[in-house]
Amino acid sequence: MAKRQPTYSTQADQLKDDLRHLSETVEELVNATAKDASGEMNDLRTRAERRLKDTRARLEARGERIYDETRDSLTHQVDACDRYVHENPWTSIGIGAAAGMVVGMLLGRR
């Protein structure tokens, strides 16, 4: 049997977990080196903190943009479907009835 491809939701969850673990690791590293007072360590810690904040901000902005684009796309598709149903009511009733019969037959076989 062929392997089933992971869904986008699964991939997104995995990416979020990976990024969260990376973020936690960087934070632990920054906290662990906080006691080292050398100038080079302070510079590295400062750069790591800044990059972590920048990365979080970019990911949040990207996530919001993807959410907005998806919402707009779905809204457009729902409007198109609504428009089709209003323009072709009998065809829509026929499609609904056919789908209902197929579902009924599949459930009746159990």
# chains A, B, ... in the order shown; residues from 1 in each chain; ligands from 1
>>> residues_around(residues="Arg50 in chain A", least_positions_apart="6", cutoff="12 Å", atoms="only C-alpha atoms", output="VMD selection string")
chain A and resid 26 to 27 30 43 to 44 56 to 57
>>> residues_around(residues="Leu52 in chain A", least_positions_apart="3", cutoff="12 Å", atoms="only C-alpha atoms", output="list in words")
Leu19, Arg20, Leu22, Ser23, Glu24, Thr25, Val26, Glu27, Leu29, Val30, Arg45, Thr46, Arg47, Ala48, Glu49, Thr55, Arg56, Ala57, Arg58 and Leu59 of chain A
>>> decode(residues="range 11-30 of chain A", atoms="N, CA, C and O atoms", output="PDB file, in the first residue's frame")
ATOM      1  N   GLN A  11       1.880  19.029   8.612  1.00  0.00           N
ATOM      2  CA  GLN A  11       3.170  19.651   8.324  1.00  0.00           C
ATOM      3  C   GLN A  11       3.313  20.968   9.060  1.00  0.00           C
ATOM      4  O   GLN A  11       4.386  21.275   9.592  1.00  0.00           O
ATOM      5  N   ALA A  12       2.252  21.748   9.123  1.00  0.00           N
ATOM      6  CA  ALA A  12       2.302  23.028   9.823  1.00  0.00           C
ATOM      7  C   ALA A  12       2.524  22.811  11.311  1.00  0.00           C
ATOM      8  O   ALA A  12       3.322  23.525  11.935  1.00  0.00           O
ATOM      9  N   ASP A  13       1.842  21.808  11.881  1.00  0.00           N
ATOM     10  CA  ASP A  13       2.028  21.506  13.306  1.00  0.00           C
ATOM     11  C   ASP A  13       3.458  21.062  13.584  1.00  0.00           C
ATOM     12  O   ASP A  13       4.062  21.458  14.587  1.00  0.00           O
ATOM     13  N   GLN A  14       4.009  20.254  12.700  1.00  0.00           N
ATOM     14  CA  GLN A  14       5.377  19.783  12.878  1.00  0.00           C
ATOM     15  C   GLN A  14       6.359  20.953  12.786  1.00  0.00           C
ATOM     16  O   GLN A  14       7.291  21.054  13.579  1.00  0.00           O
ATOM     17  N   LEU A  15       6.132  21.852  11.843  1.00  0.00           N
ATOM     18  CA  LEU A  15       6.994  23.025  11.701  1.00  0.00           C
ATOM     19  C   LEU A  15       6.903  23.902  12.939  1.00  0.00           C
ATOM     20  O   LEU A  15       7.933  24.388  13.433  1.00  0.00           O
ATOM     21  N   LYS A  16       5.698  24.089  13.466  1.00  0.00           N
ATOM     22  CA  LYS A  16       5.532  24.892  14.686  1.00  0.00           C
ATOM     23  C   LYS A  16       6.291  24.261  15.857  1.00  0.00           C
ATOM     24  O   LYS A  16       6.946  24.964  16.624  1.00  0.00           O
ATOM     25  N   ASP A  17       6.180  22.940  15.985  1.00  0.00           N
ATOM     26  CA  ASP A  17       6.894  22.254  17.065  1.00  0.00           C
ATOM     27  C   ASP A  17       8.399  22.403  16.910  1.00  0.00           C
ATOM     28  O   ASP A  17       9.108  22.669  17.898  1.00  0.00           O
ATOM     29  N   ASP A  18       8.895  22.240  15.691  1.00  0.00           N
ATOM     30  CA  ASP A  18      10.330  22.388  15.454  1.00  0.00           C
ATOM     31  C   ASP A  18      10.807  23.796  15.792  1.00  0.00           C
ATOM     32  O   ASP A  18      11.849  23.971  16.432  1.00  0.00           O
ATOM     33  N   LEU A  19      10.053  24.785  15.367  1.00  0.00           N
ATOM     34  CA  LEU A  19      10.434  26.170  15.656  1.00  0.00           C
ATOM     35  C   LEU A  19      10.353  26.474  17.147  1.00  0.00           C
ATOM     36  O   LEU A  19      11.194  27.202  17.685  1.00  0.00           O
ATOM     37  N   ARG A  20       9.361  25.915  17.820  1.00  0.00           N
ATOM     38  CA  ARG A  20       9.241  26.119  19.265  1.00  0.00           C
ATOM     39  C   ARG A  20      10.433  25.499  19.993  1.00  0.00           C
ATOM     40  O   ARG A  20      11.029  26.123  20.878  1.00  0.00           O
ATOM     41  N   HIS A  21      10.825  24.295  19.583  1.00  0.00           N
ATOM     42  CA  HIS A  21      11.983  23.639  20.203  1.00  0.00           C
ATOM     43  C   HIS A  21      13.261  24.431  19.938  1.00  0.00           C
ATOM     44  O   HIS A  21      14.097  24.590  20.841  1.00  0.00           O
ATOM     45  N   LEU A  22      13.421  24.918  18.727  1.00  0.00           N
ATOM     46  CA  LEU A  22      14.590  25.723  18.398  1.00  0.00           C
ATOM     47  C   LEU A  22      14.620  26.996  19.235  1.00  0.00           C
ATOM     48  O   LEU A  22      15.662  27.373  19.778  1.00  0.00           O
ATOM     49  N   SER A  23      13.484  27.636  19.353  1.00  0.00           N
ATOM     50  CA  SER A  23      13.380  28.857  20.145  1.00  0.00           C
ATOM     51  C   SER A  23      13.733  28.584  21.614  1.00  0.00           C
ATOM     52  O   SER A  23      14.473  29.348  22.242  1.00  0.00           O
ATOM     53  N   GLU A  24      13.204  27.494  22.154  1.00  0.00           N
ATOM     54  CA  GLU A  24      13.501  27.147  23.543  1.00  0.00           C
ATOM     55  C   GLU A  24      14.986  26.853  23.733  1.00  0.00           C
ATOM     56  O   GLU A  24      15.589  27.247  24.734  1.00  0.00           O
ATOM     57  N   THR A  25      15.592  26.184  22.761  1.00  0.00           N
ATOM     58  CA  THR A  25      17.017  25.866  22.841  1.00  0.00           C
ATOM     59  C   THR A  25      17.860  27.129  22.826  1.00  0.00           C
ATOM     60  O   THR A  25      18.802  27.270  23.620  1.00  0.00           O
ATOM     61  N   VAL A  26      17.517  28.061  21.950  1.00  0.00           N
ATOM     62  CA  VAL A  26      18.263  29.320  21.890  1.00  0.00           C
ATOM     63  C   VAL A  26      18.095  30.094  23.196  1.00  0.00           C
ATOM     64  O   VAL A  26      19.058  30.655  23.724  1.00  0.00           O
ATOM     65  N   GLU A  27      16.882  30.122  23.733  1.00  0.00           N
ATOM     66  CA  GLU A  27      16.656  30.811  25.000  1.00  0.00           C
ATOM     67  C   GLU A  27      17.463  30.172  26.130  1.00  0.00           C
ATOM     68  O   GLU A  27      18.034  30.867  26.965  1.00  0.00           O
ATOM     69  N   GLU A  28      17.502  28.841  26.176  1.00  0.00           N
ATOM     70  CA  GLU A  28      18.296  28.148  27.190  1.00  0.00           C
ATOM     71  C   GLU A  28      19.775  28.496  27.055  1.00  0.00           C
ATOM     72  O   GLU A  28      20.466  28.713  28.051  1.00  0.00           O
ATOM     73  N   LEU A  29      20.252  28.536  25.813  1.00  0.00           N
ATOM     74  CA  LEU A  29      21.643  28.882  25.564  1.00  0.00           C
ATOM     75  C   LEU A  29      21.939  30.303  26.019  1.00  0.00           C
ATOM     76  O   LEU A  29      22.956  30.559  26.663  1.00  0.00           O
ATOM     77  N   VAL A  30      21.043  31.217  25.709  1.00  0.00           N
ATOM     78  CA  VAL A  30      21.226  32.612  26.117  1.00  0.00           C
ATOM     79  C   VAL A  30      21.237  32.708  27.635  1.00  0.00           C
ATOM     80  O   VAL A  30      22.089  33.391  28.226  1.00  0.00           O
TER      81      VAL A  30
END
